[in-house]
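**Student:** model34.csv is reproduced below (CSV, C-alpha atoms).
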chain,number,residue,atom,x,y,z
A,963,MET,CA,7.4,-10.5,43.0
A,964,TYR,CA,7.3,-8.5,39.7
A,965,SER,CA,6.9,-5.3,41.8
A,966,LEU,CA,9.7,-6.3,44.1
A,967,GLY,CA,11.9,-6.8,41.0
A,968,TYR,CA,11.2,-3.3,39.9
A,969,TYR,CA,11.9,-1.8,43.3
A,970,ALA,CA,15.3,-3.6,43.6
A,971,SER,CA,16.2,-3.1,39.9
A,972,GLY,CA,17.6,0.4,40.4
A,973,VAL,CA,19.9,-0.6,43.2
A,974,ILE,CA,21.1,-3.7,41.2
A,975,ALA,CA,21.6,-1.7,38.0
A,976,ASN,CA,23.7,0.9,39.9
A,977,ARG,CA,25.9,-1.9,41.4
A,978,PHE,CA,26.4,-4.2,38.4
A,979,GLY,CA,26.0,-2.0,35.3
A,980,LEU,CA,23.0,-1.3,33.1
A,981,VAL,CA,23.9,-3.5,30.1
A,982,LYS,CA,24.8,-6.6,32.2
A,983,VAL,CA,21.7,-6.3,34.2
A,984,LEU,CA,19.5,-5.9,31.1
A,985,ALA,CA,21.0,-8.8,29.2
A,986,TRP,CA,21.1,-11.3,32.1
A,987,SER,CA,17.6,-10.3,33.3
A,988,MET,CA,16.3,-11.2,29.9
A,989,VAL,CA,18.2,-14.5,29.9
A,990,LEU,CA,16.9,-15.4,33.4
A,991,ALA,CA,13.3,-14.5,32.5
A,992,THR,CA,13.5,-16.8,29.4
A,993,LEU,CA,15.0,-19.7,31.5
A,994,SER,CA,12.2,-19.3,34.0
A,995,LEU,CA,9.5,-19.6,31.3
A,996,TRP,CA,11.3,-22.5,29.6
A,997,LEU,CA,11.4,-24.3,32.9
A,998,VAL,CA,7.7,-23.8,33.3
A,999,ALA,CA,7.2,-25.4,29.8
A,1000,VAL,CA,9.5,-28.3,30.7
A,1001,CYS,CA,7.6,-29.0,33.9
A,1002,GLY,CA,4.4,-29.0,31.8
A,1003,MET,CA,5.9,-31.5,29.4
A,1004,LEU,CA,7.0,-33.7,32.3
A,1005,GLY,CA,3.4,-33.6,33.7
A,1006,ILE,CA,4.4,-32.0,36.9
A,1007,THR,CA,1.3,-30.6,38.7
A,1008,ASP,CA,2.7,-29.5,42.0
A,1009,LYS,CA,1.6,-25.9,42.3
A,1010,TRP,CA,4.6,-24.9,44.5
A,1011,VAL,CA,7.0,-25.7,41.6
A,1012,TYR,CA,5.2,-23.3,39.4
A,1013,LEU,CA,4.9,-20.7,42.1
A,1014,VAL,CA,8.7,-20.8,42.6
A,1015,LEU,CA,9.3,-20.5,38.9
A,1016,TRP,CA,6.9,-17.6,38.5
A,1017,GLY,CA,8.6,-16.1,41.6
A,1018,MET,CA,11.9,-16.2,39.6
A,1019,GLU,CA,10.2,-14.8,36.5
A,1020,GLY,CA,8.7,-11.7,38.2
A,1021,PRO,CA,12.0,-10.1,39.5
A,1022,SER,CA,13.8,-11.0,36.3
A,1023,GLN,CA,11.3,-9.1,34.1
A,1024,GLY,CA,11.1,-6.3,36.7
A,1025,THR,CA,14.7,-5.3,36.1
A,1026,ILE,CA,14.5,-5.3,32.3
A,1027,LEU,CA,12.5,-2.1,31.8
A,1028,THR,CA,14.4,-0.1,34.4
A,1029,ALA,CA,17.8,-0.9,32.8
A,1030,ALA,CA,16.4,-0.3,29.2
A,1031,VAL,CA,14.9,3.1,30.1
A,1032,SER,CA,18.1,4.2,31.9
A,1033,ILE,CA,20.2,3.3,28.9
A,1034,LEU,CA,17.9,5.0,26.4
A,1035,GLY,CA,17.7,8.0,28.6
A,1036,ASN,CA,21.5,8.3,28.6
A,1037,TRP,CA,21.6,8.5,24.8
A,1038,VAL,CA,18.5,10.7,24.1
A,1039,ASP,CA,18.6,14.5,24.4
A,1040,PRO,CA,16.1,15.7,27.1
A,1041,GLY,CA,14.6,18.2,24.6
A,1042,ILE,CA,13.3,15.4,22.4
A,1043,ARG,CA,13.0,12.7,25.1
A,1044,GLY,CA,9.2,12.7,24.9
A,1045,GLN,CA,9.1,12.0,21.1
A,1046,VAL,CA,11.8,9.3,21.1
A,1047,MET,CA,10.6,7.6,24.3
A,1048,GLY,CA,7.0,7.9,23.2
A,1049,ILE,CA,7.8,5.9,20.1
A,1050,TRP,CA,10.1,3.5,22.0
A,1051,GLY,CA,7.5,3.1,24.8
A,1052,ALA,CA,5.0,1.7,22.2
A,1053,ASN,CA,7.2,-1.4,22.1
A,1054,SER,CA,5.1,-2.9,25.0
A,1055,SER,CA,1.9,-2.7,22.9
A,1056,VAL,CA,3.7,-4.0,19.8
A,1057,GLY,CA,5.1,-6.8,21.9
A,1058,ASN,CA,1.6,-7.7,23.1
A,1059,ILE,CA,0.4,-7.9,19.5
A,1060,TYR,CA,3.4,-10.0,18.5
A,1061,GLY,CA,2.9,-12.4,21.4
A,1062,GLN,CA,-0.8,-12.8,20.8
A,1063,TRP,CA,-0.4,-13.7,17.2
A,1064,VAL,CA,2.6,-16.0,17.8
A,1065,ALA,CA,0.6,-17.8,20.4
A,1066,ALA,CA,-2.4,-18.1,18.2
A,1067,PHE,CA,-0.3,-19.4,15.3
A,1068,THR,CA,1.5,-21.9,17.6
A,1069,ARG,CA,-1.7,-23.2,19.3
A,1070,GLN,CA,-4.3,-23.0,16.5
A,1071,ASP,CA,-2.4,-23.4,13.2
A,1072,LEU,CA,0.4,-25.7,14.3
A,1073,GLU,CA,-1.9,-27.3,16.9
A,1074,LEU,CA,0.8,-27.5,19.5
A,1075,GLU,CA,0.4,-27.7,23.3
A,1076,TRP,CA,0.6,-24.7,25.6
A,1077,GLU,CA,4.2,-25.6,26.5
A,1078,ALA,CA,5.2,-24.8,22.9
A,1079,VAL,CA,3.4,-21.5,23.0
A,1080,VAL,CA,5.5,-20.5,26.1
A,1081,VAL,CA,8.7,-21.5,24.4
A,1082,ALA,CA,7.8,-19.8,21.1
A,1083,THR,CA,6.8,-16.5,22.6
A,1084,SER,CA,9.8,-16.2,24.8
A,1085,ALA,CA,12.6,-17.4,22.5
A,1086,SER,CA,13.2,-14.0,21.0
A,1087,LEU,CA,14.3,-12.7,24.5
A,1088,VAL,CA,17.5,-14.8,24.4
A,1089,LEU,CA,18.4,-13.6,20.9
A,1090,VAL,CA,17.8,-9.9,21.8
A,1091,ALA,CA,19.7,-10.3,25.1
A,1092,ALA,CA,22.8,-11.6,23.1
A,1093,MET,CA,22.6,-8.7,20.7
A,1094,ILE,CA,22.3,-6.2,23.6
A,1095,TYR,CA,25.2,-7.7,25.5
A,1096,MET,CA,27.5,-7.6,22.4
A,1097,SER,CA,26.6,-4.3,20.8
A,1098,VAL,CA,24.9,-1.8,23.3
A,1099,GLU,CA,26.8,0.8,25.3
A,1100,ALA,CA,25.2,2.0,28.5
A,1101,ALA,CA,26.0,5.7,27.6
A,1102,PRO,CA,27.7,7.7,24.8
A,1103,PRO,CA,31.5,7.8,25.0
A,1104,VAL,CA,32.9,10.9,26.6
A,1105,SER,CA,35.6,13.1,25.0
A,1106,SER,CA,39.1,13.4,26.6
A,1107,LEU,CA,38.2,16.9,27.9
A,1108,GLU,CA,34.9,15.6,29.4
A,1109,GLN,CA,36.9,12.8,31.0
A,1110,LYS,CA,39.3,15.2,32.6
A,1111,LEU,CA,36.4,17.3,34.0
A,1112,LEU,CA,34.8,14.2,35.4
A,1113,GLU,CA,38.1,13.1,37.1
A,1114,ASN,CA,38.4,16.6,38.7
A,1115,SER,CA,34.8,16.8,39.8
A,1116,GLU,CA,33.4,15.3,42.9
A,1117,PRO,CA,32.4,11.7,42.6
A,1118,GLU,CA,28.7,11.1,41.9
A,1119,THR,CA,26.8,9.9,44.9
A,1120,GLN,CA,24.2,7.2,44.5
A,1121,THR,CA,20.8,8.0,46.0
A,1122,GLY,CA,19.5,5.1,48.2
A,1123,PHE,CA,16.1,3.5,47.7
A,1124,PHE,CA,14.4,5.2,50.6
A,1125,GLU,CA,16.1,8.6,50.0
A,1126,THR,CA,14.8,8.4,46.4
A,1127,TRP,CA,11.2,8.5,47.6
A,1128,SER,CA,11.9,12.0,49.0
A,1129,ILE,CA,12.7,13.4,45.6
A,1130,LYS,CA,10.0,15.9,44.5
A,1131,GLY,CA,7.5,14.2,42.2
A,1132,VAL,CA,8.5,10.6,42.8
A,1133,PRO,CA,5.7,9.6,45.1
A,1134,GLU,CA,3.1,11.4,43.0
A,1135,CYS,CA,4.2,9.8,39.7
A,1136,ALA,CA,4.6,6.4,41.3
A,1137,PHE,CA,1.1,6.5,42.8
A,1138,CYS,CA,-0.3,7.8,39.5
A,1139,TYR,CA,1.3,5.0,37.5
A,1140,GLY,CA,-0.2,2.5,40.0
A,1141,CYS,CA,-3.6,3.8,39.0
A,1142,ILE,CA,-2.9,3.9,35.3
A,1143,LYS,CA,-1.3,0.5,35.1
A,1144,MET,CA,-4.2,-0.9,37.1
A,1145,LEU,CA,-6.6,0.4,34.4
A,1146,ASN,CA,-4.4,-0.8,31.6
A,1147,TYR,CA,-4.1,-4.3,32.9
A,1148,ALA,CA,-7.8,-4.3,33.7
A,1149,PHE,CA,-8.4,-4.0,29.9
A,1150,PHE,CA,-5.8,-6.7,29.1
A,1151,MET,CA,-7.2,-9.2,31.6
A,1152,TRP,CA,-10.9,-8.4,32.0
A,1153,LEU,CA,-12.1,-7.0,28.6
A,1154,PRO,CA,-12.1,-10.4,26.8
A,1155,PHE,CA,-14.0,-12.0,29.7
A,1156,TYR,CA,-16.5,-9.1,29.8
A,1157,LEU,CA,-17.1,-9.3,26.0
A,1158,ARG,CA,-17.6,-13.0,26.2
A,1159,VAL,CA,-20.0,-13.1,29.2
A,1160,GLN,CA,-22.0,-9.9,28.5
A,1161,TYR,CA,-22.2,-10.0,24.7
A,1162,GLN,CA,-21.4,-13.7,23.8
A,1163,MET,CA,-18.8,-12.4,21.4
A,1164,ASP,CA,-16.7,-15.0,19.6
A,1165,ILE,CA,-13.0,-15.5,20.1
A,1166,MET,CA,-12.0,-14.1,16.7
A,1167,HIS,CA,-13.8,-10.7,17.4
A,1168,ILE,CA,-12.4,-10.6,20.9
A,1169,SER,CA,-8.9,-11.2,19.5
A,1170,ILE,CA,-9.3,-8.4,17.0
A,1171,LEU,CA,-10.5,-6.0,19.8
A,1172,ALA,CA,-7.5,-6.9,22.0
A,1173,THR,CA,-5.2,-6.1,19.1
A,1174,LEU,CA,-7.1,-2.8,18.4
A,1175,TYR,CA,-6.5,-1.9,22.1
A,1176,ASP,CA,-2.8,-2.4,21.7
A,1177,LEU,CA,-2.7,-0.5,18.4
A,1178,GLY,CA,-4.4,2.4,20.2
A,1179,GLY,CA,-1.7,2.2,22.8
A,1180,VAL,CA,1.0,2.5,20.1
A,1181,LEU,CA,-0.7,5.5,18.6
A,1182,GLY,CA,-1.3,7.1,22.0
A,1183,SER,CA,2.3,6.6,23.1
A,1184,ILE,CA,3.6,8.3,19.9
A,1185,VAL,CA,1.1,11.2,20.0
A,1186,LEU,CA,1.5,11.9,23.7
A,1187,GLY,CA,5.3,11.7,23.4
A,1188,TYR,CA,5.2,14.4,20.7
A,1189,VAL,CA,2.8,16.6,22.7
A,1190,SER,CA,4.8,16.2,25.9
A,1191,ASP,CA,7.9,17.8,24.4
A,1192,LYS,CA,5.8,21.0,23.9
A,1193,PHE,CA,5.6,21.4,27.7
A,1194,VAL,CA,8.4,21.9,30.3
A,1195,LYS,CA,7.4,18.6,31.9
A,1196,LYS,CA,6.0,15.4,30.5
A,1197,THR,CA,3.1,15.1,32.9
A,1198,PRO,CA,0.5,17.5,31.3
A,1199,SER,CA,0.1,15.2,28.3
A,1200,VAL,CA,-0.8,12.3,30.7
A,1201,VAL,CA,-3.2,14.5,32.7
A,1202,LEU,CA,-5.0,15.5,29.5
A,1203,ALA,CA,-5.3,11.9,28.2
A,1204,MET,CA,-6.5,10.4,31.5
A,1205,GLY,CA,-9.0,13.1,32.1
A,1206,SER,CA,-10.3,12.6,28.6
A,1207,ALA,CA,-10.7,8.8,29.3
A,1208,VAL,CA,-13.2,9.2,32.1
A,1209,PRO,CA,-16.4,9.7,30.0
A,1210,PHE,CA,-15.4,6.8,27.7
A,1211,PHE,CA,-15.8,4.3,30.6
A,1212,LEU,CA,-19.4,5.3,30.8
A,1213,LEU,CA,-20.0,4.2,27.2
A,1214,PHE,CA,-19.1,0.6,28.0
A,1215,GLN,CA,-22.3,0.5,30.0
A,1216,VAL,CA,-24.7,1.7,27.3
A,1217,VAL,CA,-23.5,-0.6,24.5
A,1218,THR,CA,-26.0,-3.4,23.7
A,1219,GLU,CA,-25.7,-6.6,21.7
A,1220,GLU,CA,-27.2,-4.8,18.7
A,1221,THR,CA,-24.7,-1.9,19.0
A,1222,ALA,CA,-21.7,-4.0,19.8
A,1223,TRP,CA,-20.0,-2.6,16.7
A,1224,ILE,CA,-19.3,0.5,18.8
A,1225,PHE,CA,-16.6,-1.4,20.6
A,1226,PHE,CA,-14.5,-1.4,17.4
A,1227,GLY,CA,-14.1,2.4,17.9
A,1228,LEU,CA,-14.4,2.6,21.6
A,1229,VAL,CA,-11.8,0.0,22.5
A,1230,PRO,CA,-8.9,1.5,20.4
A,1231,THR,CA,-9.8,5.0,21.7
A,1232,VAL,CA,-9.5,3.9,25.3
A,1233,GLY,CA,-6.3,2.1,24.3
A,1234,MET,CA,-4.9,5.3,22.9
A,1235,LEU,CA,-5.7,7.2,26.1
A,1236,VAL,CA,-5.0,4.7,28.8
A,1237,GLY,CA,-2.4,2.5,27.1
A,1238,GLY,CA,-0.6,5.5,25.7
A,1239,SER,CA,-0.5,7.1,29.1
A,1240,ALA,CA,0.8,3.9,30.6
A,1241,ASN,CA,3.6,3.8,28.1
A,1242,MET,CA,4.4,7.4,28.6
A,1243,ILE,CA,4.6,7.5,32.4
A,1244,SER,CA,6.6,4.3,32.7
A,1245,VAL,CA,9.2,5.5,30.2
A,1246,ALA,CA,9.3,9.2,29.3
A,1247,VAL,CA,7.9,10.6,32.5
A,1248,ALA,CA,10.0,8.3,34.7
A,1249,ALA,CA,13.2,9.2,32.8
A,1250,ASP,CA,12.3,12.9,32.9
A,1251,LEU,CA,11.7,12.7,36.6
A,1252,ALA,CA,14.8,10.8,37.2
A,1253,GLN,CA,17.3,12.9,35.3
A,1254,ASP,CA,20.1,14.4,37.4
A,1255,SER,CA,22.3,17.4,36.7
A,1256,SER,CA,24.1,15.5,33.9
A,1257,SER,CA,20.7,14.6,32.3
A,1258,LYS,CA,21.3,10.9,33.0
A,1259,PRO,CA,18.3,9.1,34.5
A,1260,LYS,CA,18.7,7.5,37.9
A,1261,PRO,CA,17.7,3.8,37.7
A,1262,THR,CA,16.4,3.8,41.2
A,1263,VAL,CA,13.7,6.4,40.4
A,1264,ILE,CA,12.6,4.5,37.3
A,1265,GLY,CA,12.4,1.3,39.3
A,1266,ILE,CA,10.3,2.9,42.0
A,1267,VAL,CA,7.8,4.4,39.5
A,1268,ASN,CA,7.4,1.1,37.6
A,1269,GLY,CA,7.4,-1.0,40.8
A,1270,THR,CA,4.5,1.0,42.2
A,1271,GLY,CA,2.7,0.6,38.9
A,1272,ALA,CA,3.1,-3.2,39.0
A,1273,LEU,CA,1.9,-3.3,42.6
A,1274,GLY,CA,-1.2,-1.2,41.7
A,1275,ALA,CA,-1.9,-3.4,38.7
A,1276,ALA,CA,-1.8,-6.6,40.9
A,1277,CYS,CA,-4.1,-5.2,43.6
A,1278,GLY,CA,-6.5,-3.7,41.1
A,1279,GLN,CA,-7.2,-7.0,39.3
A,1280,VAL,CA,-8.2,-8.6,42.6
A,1281,LEU,CA,-10.6,-5.8,43.4
A,1282,ILE,CA,-12.1,-5.9,39.9
A,1283,GLY,CA,-12.6,-9.6,40.2
A,1284,TYR,CA,-14.6,-9.0,43.4
A,1285,LEU,CA,-16.6,-6.1,42.0
A,1286,GLN,CA,-17.7,-7.9,38.8
A,1287,THR,CA,-19.4,-10.6,40.9
A,1288,TYR,CA,-21.9,-7.9,41.9
A,1289,SER,CA,-22.2,-5.7,38.8
A,1290,TRP,CA,-20.1,-4.7,35.8
A,1291,SER,CA,-21.4,-1.2,36.3
A,1292,LEU,CA,-19.4,-1.1,39.6
A,1293,VAL,CA,-16.3,-2.0,37.7
A,1294,PHE,CA,-16.6,0.8,35.2
A,1295,TYR,CA,-17.5,3.3,38.0
A,1296,TYR,CA,-14.4,2.1,39.8
A,1297,MET,CA,-12.4,2.7,36.6
A,1298,MET,CA,-13.7,6.3,36.4
A,1299,LEU,CA,-12.7,6.9,40.0
A,1300,VAL,CA,-9.2,5.5,39.5
A,1301,SER,CA,-8.7,7.6,36.3
A,1302,SER,CA,-9.9,10.7,38.1
A,1303,VAL,CA,-7.5,10.0,41.0
A,1304,SER,CA,-4.6,9.6,38.6
A,1305,VAL,CA,-5.3,13.1,37.2
A,1306,LEU,CA,-5.7,14.7,40.6
A,1307,VAL,CA,-2.4,13.2,41.8
A,1308,LEU,CA,-0.5,14.6,38.8
A,1309,LEU,CA,-2.1,18.1,38.7
A,1310,PRO,CA,0.3,19.6,41.3
A,1311,GLU,CA,3.2,18.4,39.0
Could you spell out this file's structure in C-alpha cells?
**Tutor:**
Amino acid sequence: MYSLGYYASGVIANRFGLVKVLAWSMVLATLSLWLVAVCGMLGITDKWVYLVLWGMEGPSQGTILTAAVSILGNWVDPGIRGQVMGIWGANSSVGNIYGQWVAAFTRQDLELEWEAVVVATSASLVLVAAMIYMSVEAAPPVSSLEQKLLENSEPETQTGFFETWSIKGVPECAFCYGCIKMLNYAFFMWLPFYLRVQYQMDIMHISILATLYDLGGVLGSIVLGYVSDKFVKKTPSVVLAMGSAVPFFLLFQVVTEETAWIFFGLVPTVGMLVGGSANMISVAVAADLAQDSSSKPKPTVIGIVNGTGALGAACGQVLIGYLQTYSWSLVFYYMMLVSSVSVLVLLPE
C-alpha cells in the first residue's frame, strides 16, 4: 500500500495541488497511527482492523515525500540542487534518530505502553502539517512579465502515469532505487536481529549502532549531494557510493565476538554509502530526472521512482527473511549482488 501511495501521489499532486496534498497526507498519516493506538488502548485484537488502518497509513505516507520533493525542487536552482537536496534528504535519517530516542524515552524512562509511543512519535506530524499549510508556497511567485509570457505560451500538458515510464532514465532510476532501498531497509530491520542472534549484543549497543547507521546516512547524503553537483547528472555519485559499498558487505562475515568493536566503524561507513545513496536517489536524483523545460520537477516521476523503491524494499525483506534461515552468509552475498545490480543499472545513465 505504501508503494501504491507513491505511484498515485504524482497524479494526485497534479490534480489537487502540492501544498494541500502534502499537508493533508501528513494529517491522514497521523490519524491512522492514532487510531492504531486507540484500538490498542481499547484492547481490540482483530487483525483486520489493524490491516485496514495500516492500509490507510501506507498511501498517506507515500504521498508526503513526492509532494515535498516537488515543492523543494520548484524553489531550488538546478545548479545547486544536489547540495541543497542532499542536506534536505538527510532528514529521513535525522527523523529515524529522533523517532528512536523519543520511543526509547517514552517506553523506558516514562514506562508508558506502546500506544503512547505511537502517539508521541507521530504528534509532530500534525504540527508540521499546520505550519506547511499556512506558510509554504508550492513555487516562487512569478513576475508580471513572466505571467504574461506564461499566458501567451501553450498550456503545460500533464504527462500520464504510464507515459512517464517512457521518459529516458525513469525505469532505470526506479529499478536502481528499488535495489538501494531494499538494502537500506535490510539494515534498518535485520541488523539489530543479526547482532542480537549472532553476537549476543545487548540492546544499548544495538541502539547505538542503529543511530550510527543513520548518522552515516546523514553524512553520506550531504557529501554525495555536494559531489553530485560537480557532474552534469546526479547519478555518478550514487554509482561511486554503491560500488564502494560492495566489499564492506564481506566484512560483516569475518567479524567475530572478540572483534565486534569493528561494527562501530563498519556500520556508519555502510550507512554513509547505502543510506546516503538512498537519500540522494529518492530526492536529488528523482528531482533532477523529473525536471521539465521550466526546471520544475514533475511529481509523477518522483512518485514512480519512490514507489518502485518502496516495492523493492518490501519484497527484499521477505527474501532476506527466507535466506537468513539457511545462512547469514547468503544474506550478505545477496546484498553484494543487489548493490552490484544497482550500479550496473545506473551505469548507462
**Student:** Give me, as a list in words, all polymer residues having an atom no more than 8 Å from region 1083-1097 of chain A, counting only C-alpha atoms and skipping those fewer than 2 positions away in the same chain.
**Tutor:**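 Final neighbour list, sorted by chain and number: Val981, Lys982, Leu984, Ala985, Trp986, Met988, Val989, Thr992, Leu995, Gly1061, Val1064, Ala1065, Val1079, Val1080, Val1081 and Glu1099 of chain A.
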**Student:** May I ask for the distance between CA of Leu1273 (chain A) and CA of Leu1034 (chain A), given in Å to one decimal place?
**Tutor:** 24.2 Å
**Student:** If you count all atoms listed in the file, which residues fall within 12 Å of His1167 (chain A), apart from same-chain ones fewer than 6 positions away, as a list in words?
**Tutor:** Leu1153, Pro1154, Leu1157, Arg1158, Tyr1161, Thr1173, Leu1174, Ala1222, Trp1223, Phe1225 and Phe1226 of chain A
**Student:** Filtering to C-alpha atoms, could you give me those residues as a short mmCIF file (atom, residue, chain, number, x, y, z; two decimals), in the coordinates of the input?
**Tutor:**
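Contents of again20.cif, as written:
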data_model
loop_
_atom_site.label_atom_id
_atom_site.label_comp_id
_atom_site.auth_asym_id
_atom_site.auth_seq_id
_atom_site.Cartn_x
_atom_site.Cartn_y
_atom_site.Cartn_z
CA LEU A 1153 -12.10 -7.00 28.60
CA PRO A 1154 -12.10 -10.40 26.80
CA LEU A 1157 -17.10 -9.30 26.00
CA ARG A 1158 -17.60 -13.00 26.20
CA TYR A 1161 -22.20 -10.00 24.70
CA THR A 1173 -5.20 -6.10 19.10
CA LEU A 1174 -7.10 -2.80 18.40
CA ALA A 1222 -21.70 -4.00 19.80
CA TRP A 1223 -20.00 -2.60 16.70
CA PHE A 1225 -16.60 -1.40 20.60
CA PHE A 1226 -14.50 -1.40 17.40
#
**Student:** Can you measure CA of Pro1133 (chain A) to CA of Val1307 (chain A) for me? One decimal in Å is fine.
**Tutor:** 9.5 Å
**Student:** Using only C-alpha atoms, determine which residues lie at most 12 Å from Ala1029 (chain A), disregarding the query and same-chain residues fewer than 6 positions distant; provide the list as a PyMOL selection string.
**Tutor:** chain A and resi 967-968+970-988+1022-1023+1035-1036+1094+1098-1101+1245+1249+1259-1265+1268
**Student:** Could you check the closest approach to Ala1082 (chain A) for each of A:Leu1186, A:Ala1066, A:Met1144, A:Cys1277 and tell me which residue wins, using all atoms listed in the file?
**Tutor:**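 Using all atoms listed in the file, Ala1082 (chain A) sits closest to A:Ala1066.
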**Student:** Find the distance between CA of Thr1221 (chain A) and CA of Leu1299 (chain A) and write it in Å to one decimal.
**Tutor:** 25.7 Å
**Student:** Considering only C-alpha atoms, can you say which of A:Ser1304, A:Gly1131, A:Tyr969, A:Cys1141 comes closest to Lys1195 (chain A)?
**Tutor:** A:Gly1131
**Student:** Pick the closest to Ala1203 (chain A) from A:Ile1165, A:Met1234, A:Ile1059, A:Leu1181: which is it, counting all atoms listed in the file?
**Tutor:** A:Met1234
**Student:** In the coordinates of the file, take the point (-12.0, 0.5, 41.4) and a cut-off of 12 Å; then, counting all atoms listed in the file, name each qualifying protein, DNA or RNA residue as a tab-separated table (two decimals) with C-alpha atoms, keeping the file's coordinate frame.
**Tutor:**
chain	number	residue	atom	x	y	z
A	1141	CYS	CA	-3.60	3.80	39.00
A	1142	ILE	CA	-2.90	3.90	35.30
A	1144	MET	CA	-4.20	-0.90	37.10
A	1145	LEU	CA	-6.60	0.40	34.40
A	1148	ALA	CA	-7.80	-4.30	33.70
A	1274	GLY	CA	-1.20	-1.20	41.70
A	1275	ALA	CA	-1.90	-3.40	38.70
A	1277	CYS	CA	-4.10	-5.20	43.60
A	1278	GLY	CA	-6.50	-3.70	41.10
A	1279	GLN	CA	-7.20	-7.00	39.30
A	1280	VAL	CA	-8.20	-8.60	42.60
A	1281	LEU	CA	-10.60	-5.80	43.40
A	1282	ILE	CA	-12.10	-5.90	39.90
A	1283	GLY	CA	-12.60	-9.60	40.20
A	1284	TYR	CA	-14.60	-9.00	43.40
A	1285	LEU	CA	-16.60	-6.10	42.00
A	1286	GLN	CA	-17.70	-7.90	38.80
A	1290	TRP	CA	-20.10	-4.70	35.80
A	1291	SER	CA	-21.40	-1.20	36.30
A	1292	LEU	CA	-19.40	-1.10	39.60
A	1293	VAL	CA	-16.30	-2.00	37.70
A	1294	PHE	CA	-16.60	0.80	35.20
A	1295	TYR	CA	-17.50	3.30	38.00
A	1296	TYR	CA	-14.40	2.10	39.80
A	1297	MET	CA	-12.40	2.70	36.60
A	1298	MET	CA	-13.70	6.30	36.40
A	1299	LEU	CA	-12.70	6.90	40.00
A	1300	VAL	CA	-9.20	5.50	39.50
A	1301	SER	CA	-8.70	7.60	36.30
A	1302	SER	CA	-9.90	10.70	38.10
A	1303	VAL	CA	-7.50	10.00	41.00
**Student:** Between A:Phe1214, A:Trp1127, A:Tyr964, A:Tyr1175, which has the minimum distance to Tyr1156 (chain A) (counting all atoms listed in the file)?
**Tutor:**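 Smallest separation from Tyr1156 (chain A) among the options: A:Phe1214.
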**Student:** Counting only C-alpha atoms, which residue out of A:Ile1033, A:Gln1062, A:Ala1078, A:Leu993 sits closest to Ile1170 (chain A)?
**Tutor:** A:Gln1062
**Student:** Out of A:Leu1013, A:Pro1040, A:Ala999, A:Glu1073, which residue has the shortest atom-to-atom distance to Phe1193 (chain A) when counting only C-alpha atoms?
**Tutor:**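 Smallest distance to Phe1193 (chain A) is found for A:Pro1040.
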